[in-house]
Amino acid sequence: MSFFKIVLRSLRQHIMSTVLAAFSIAIGTALLITVYNLKVQTQEKFESTGSGVDAILAPKGSPLQVVLSSIYNLEDMPGEIKWTFVKEVAKSDLVTDVVSFVKGHSFGDFHVNAIERKFFTEFEYKPGKKFSFVPEDGGSGRLFEKPLEAVAGAEAAKSLGIKLGDKFNPVCGLRSGAPVHKELITYVGIMAPTGTPHDFAIYIPLTTVYGMEGHSNKSAEMAENEEVRTVSGAFIKLRRIKVGSETMIHPDIHRLKYEIDQNKGAQFVVPNEVLPKLFSIIGWVTKVLTGISILVIVIAGLFLFVSMYWALRERRRNVALMRALGATRRTVFALTLTEAFVIALIGAVFGVITAHLLLMAGVNMIRAETGVMLSATYLTIADILAIPGAVALGILTGLIPAIQAYRLGVLENLRMIS
Amino acid sequence: MKKLIAILILTAAAAGCSGGEAPEAHRKAESHKAPHNGVLNAIEKCSVGHVEALLEGNKLTLYFVGGHDKTTTSLPIAAESMELSIELENGSEKILVLDAKPMKLAGEKIGNCSRFEVADDFLKGITRFDASSEVEINGTLRTITIHYPEGYHPGHKEHEHHEGSE
Amino acid sequence: MVVDISEVKYSYKSGGGLLNVIDIAKWSMNEGERIAISGPSGCGKSTLLNVIAGLLVPDRGSIEICGERIDKLGEAARDRFRARHLGYVFQNFNLLQGFTALENVLLAGTFSGKKARTSLSAELLDRVGLSARMHHYPSRMSIGEQQRVAVARALVNEPNIVLADEPTGSLDPKNSEDVVKLLRETVAERGVSLILVSHEKEVVSAFDNEVRFLDINKAFESPGGSE
């Protein structure tokens, strides 16, 4: 009978405590992996997509809301700014390009953003990369040229099953139940994937939105009259300088930011300054959840230790018998330690599986509630460390019971009499 | 999403920020931050406001900013210009006239301006000076004292910054 | 000789002094012999068995089992020696509850370092009349059946000597008789030596025609004594 078979039989003999110990380790492991996974994915998602936009000219309000709305297509913008003000900012010698946009419309789960054409022709979403509709890049069709034309980001097109020539009515709002415009807009292009949040939106010409049926007369006037026109905000590209071999944003940007921030109706939001604050918030939440997960694992470890410790008291006769049959002290030590290791290993394996099942449920909920797309099959270092971590936990918690088994007296526990 | 962010913020507040600790920490971190990396000088006392002095070559720019920890908020004044009496280390003195330079994007204009500038070769190459002036702020004549590069913070050790105070 | 004991003494601390349990000047046993050791409770019969098994180390003297001086071996070496050369039948059956009859028999082979002898184990269980019960757990067996499993377990390593310590102590007369008969026959079939300890005259007397028996008190009053 093999060593491992003896271990498994022994575990089966105490099936209740074995299952409970493994279960608690699985729960703790699953929590830890899930929390870490969500944190890493969320951070990567946001970090990989702030580029292309050096700053956002926006109305006063929460800078975080501005970034989440304008770049990540979550939430709405906090207000509007004047078109003429945007043009003034564009005159600054620190600004190389400005692209205005209007938010507040949607279709399906996706924002419909009215934006200047040059966003697609001149704006680099990543250094050296502009939006493309070319089939070789994975796109199709062309950029809009007429008011009632639209283009869709790659993910939005995939999710909504959009094909060139399809039509839609934009919804005037971001929530379900909002009124639907009568204008029928035709998809003329599907953007090549960019790996940024721009993939998750639909785009129409900037001035189209002003004249839509249902909007006020003042809004309709904005289509032609720049003096009264307002926009939700504007993406800003800043001048860069060369420092050594590196290119960086001009250091005077803080003066521009200060100046605009003093304006009663506007603010200058730098995504790279705002996102760390978001991560700080997420980081705190993650720390709390991670702390809870570690606590669960510690309790699971304690439970394992206690169950093994008490099991040994019941099994001392078995251990003594094995010694009487010729098992050495080292063998019974190894058997006991291996039992703890196996329980922890089973718990860890189920923990990893459970984590990804939890992620499967979680990412769907996150997508539905926030629009952020995460993956349930994404692997992190936590998945890799779960198993060796379990080994360590098993060895640690099994050590004392194993030492007790090692030191067990044979005769007194078999109750041999002379 | 708003709900999510609210929950995140509340959780962070519960987890990491207890009672008045974090707000106090934040106040301390942001107090006396010179928005243009210049030198802050209290206007008579910290509560009234500050003047941020920025010396670049022969150009001296003064920014009027808020009191206490509101130094990143501008404090526009009505003056169209101001006379600044400057004394150097070597004892030489000069009176310079700084003109209002409104920040257009901030919506400022002459008569409601927080930035004053002068370019003069007197300032070339200097690293240390003291200066004084008088300006009217919110209807009250205030004495401006500038110590460059140390800054001017009268009785700074004794007072504490409180939210909402003058 | 399979057992050769010389000048062996074993005592343990009791009430501030030392209590002599065994004091043997000379005793030996030949291969294939079957010896029953009798004596009242507490006279040292089990202690002698434990010393022979290597579970206890004598205070002095030499113990040679199958040519090996086990008193000179370290504890781990004695454990391994016991696993390879000795079979043990305990009074209280001492089967592992979480293991089937077959697994209990196989277990004895695990620690000897020999490869798992599933066929031999099954054969032994069949020999003791339990082929239909080999996958049953001890809790589902009668006390007599459990002791028969113990007999099979003692033989699975093909030991040189089987030690049986009060093997019928927990059995009723009918089961006692069956187990003694089984033990006697199986060791004889395999040419295995047997040392059986019992305080029951009926058990000891069952070996009359085939074994040399010792009354432990009389045996150790004079060297190599026998009746």
# chains A, B, ... in the order shown; residues from 1 in each chain; ligands from 1
>>> residues_around(residues="A:Tyr258", least_positions_apart="6", cutoff="9 Å", atoms="only C-alpha atoms", output="VMD selection string")
(chain A and resid 267 to 268) or (chain B and resid 35 to 36 72 to 74 106)
>>> write_last_selection(atoms="C-alpha atoms", output="mmCIF file, in the first residue's frame")
data_model
loop_
_atom_site.group_PDB
_atom_site.id
_atom_site.type_symbol
_atom_site.label_atom_id
_atom_site.label_comp_id
_atom_site.auth_asym_id
_atom_site.auth_seq_id
_atom_site.Cartn_x
_atom_site.Cartn_y
_atom_site.Cartn_z
ATOM 1 C CA GLN A 267 -11.034 73.233 -15.264
ATOM 2 C CA PHE A 268 -7.951 71.642 -16.744
ATOM 3 C CA PRO B 35 1.335 76.757 -7.404
ATOM 4 C CA HIS B 36 4.097 78.088 -9.704
ATOM 5 C CA THR B 72 -3.723 77.290 -5.293
ATOM 6 C CA THR B 73 -6.687 79.669 -5.594
ATOM 7 C CA SER B 74 -6.039 83.082 -7.114
ATOM 8 C CA ALA B 106 -8.949 82.650 -15.835
#
>>> closest_atom_pairs(of="chain A", to="chain B", cutoff="9 Å", atoms="only C-alpha atoms", output="Markdown table")
| residue | atom | partner | partner_atom | distance |
| --- | --- | --- | --- | --- |
| A:Gln65 | CA | B:Lys2 | CA | 8.6 |
| A:Leu74 | CA | B:Met1 | CA | 7.2 |
| A:Glu75 | CA | B:Met1 | CA | 6.3 |
| A:Phe85 | CA | B:Leu105 | CA | 7.7 |
| A:Glu88 | CA | B:Leu105 | CA | 7.3 |
| A:Val89 | CA | B:Leu105 | CA | 6.9 |
| A:Asp252 | CA | B:His36 | CA | 8.9 |
| A:His254 | CA | B:His36 | CA | 7.1 |
| A:Arg255 | CA | B:His36 | CA | 6.5 |
| A:Leu256 | CA | B:Leu105 | CA | 8.5 |
| A:Tyr258 | CA | B:Pro35 | CA | 7.2 |
| A:Glu259 | CA | B:Ala106 | CA | 5.2 |
| A:Ile260 | CA | B:Ala106 | CA | 5.2 |
| A:Asp261 | CA | B:Ala106 | CA | 7.0 |
| A:Gln262 | CA | B:Ala106 | CA | 4.9 |
| A:Asn263 | CA | B:Ala106 | CA | 4.1 |
| A:Lys264 | CA | B:Ala106 | CA | 7.6 |
| A:Ala266 | CA | B:Ala106 | CA | 8.7 |
| A:Ser280 | CA | B:Ala12 | CA | 8.8 |
| A:Ile281 | CA | B:Ala12 | CA | 5.8 |
| A:Ile282 | CA | B:Leu8 | CA | 7.1 |
| A:Gly283 | CA | B:Ala12 | CA | 8.5 |
| A:Trp284 | CA | B:Ala12 | CA | 5.5 |
| A:Val285 | CA | B:Ala12 | CA | 5.7 |
| A:Lys287 | CA | B:Ala15 | CA | 8.5 |
| A:Val288 | CA | B:Ala15 | CA | 6.5 |
| A:Glu369 | CA | B:Met1 | CA | 6.7 |
| A:Thr370 | CA | B:Met1 | CA | 5.4 |
| A:Gly371 | CA | B:Met1 | CA | 8.8 |
>>> closest_atom_pairs(of="chain A", to="chain C", cutoff="6 Å", atoms="only C-alpha atoms", output="JSON lines")
{"residue": "A:Met1", "atom": "CA", "partner": "C:Thr110", "partner_atom": "CA", "distance": 5.5}
{"residue": "A:Gln13", "atom": "CA", "partner": "C:Gly98", "partner_atom": "CA", "distance": 4.8}
{"residue": "A:Leu325", "atom": "CA", "partner": "C:Ala83", "partner_atom": "CA", "distance": 5.7}
{"residue": "A:Gly326", "atom": "CA", "partner": "C:Ala83", "partner_atom": "CA", "distance": 4.2}
{"residue": "A:Ala327", "atom": "CA", "partner": "C:Phe111", "partner_atom": "CA", "distance": 5.3}
{"residue": "A:Thr328", "atom": "CA", "partner": "C:Ala76", "partner_atom": "CA", "distance": 5.3}
{"residue": "A:Ser418", "atom": "CA", "partner": "C:Ser46", "partner_atom": "CA", "distance": 4.3}
>>> select_by_dssp(residues="stretch 146-190 of chain C", states="helix (DSSP H, G or I)", output="PyMOL selection string")
chain C and resi 146-155+173-190
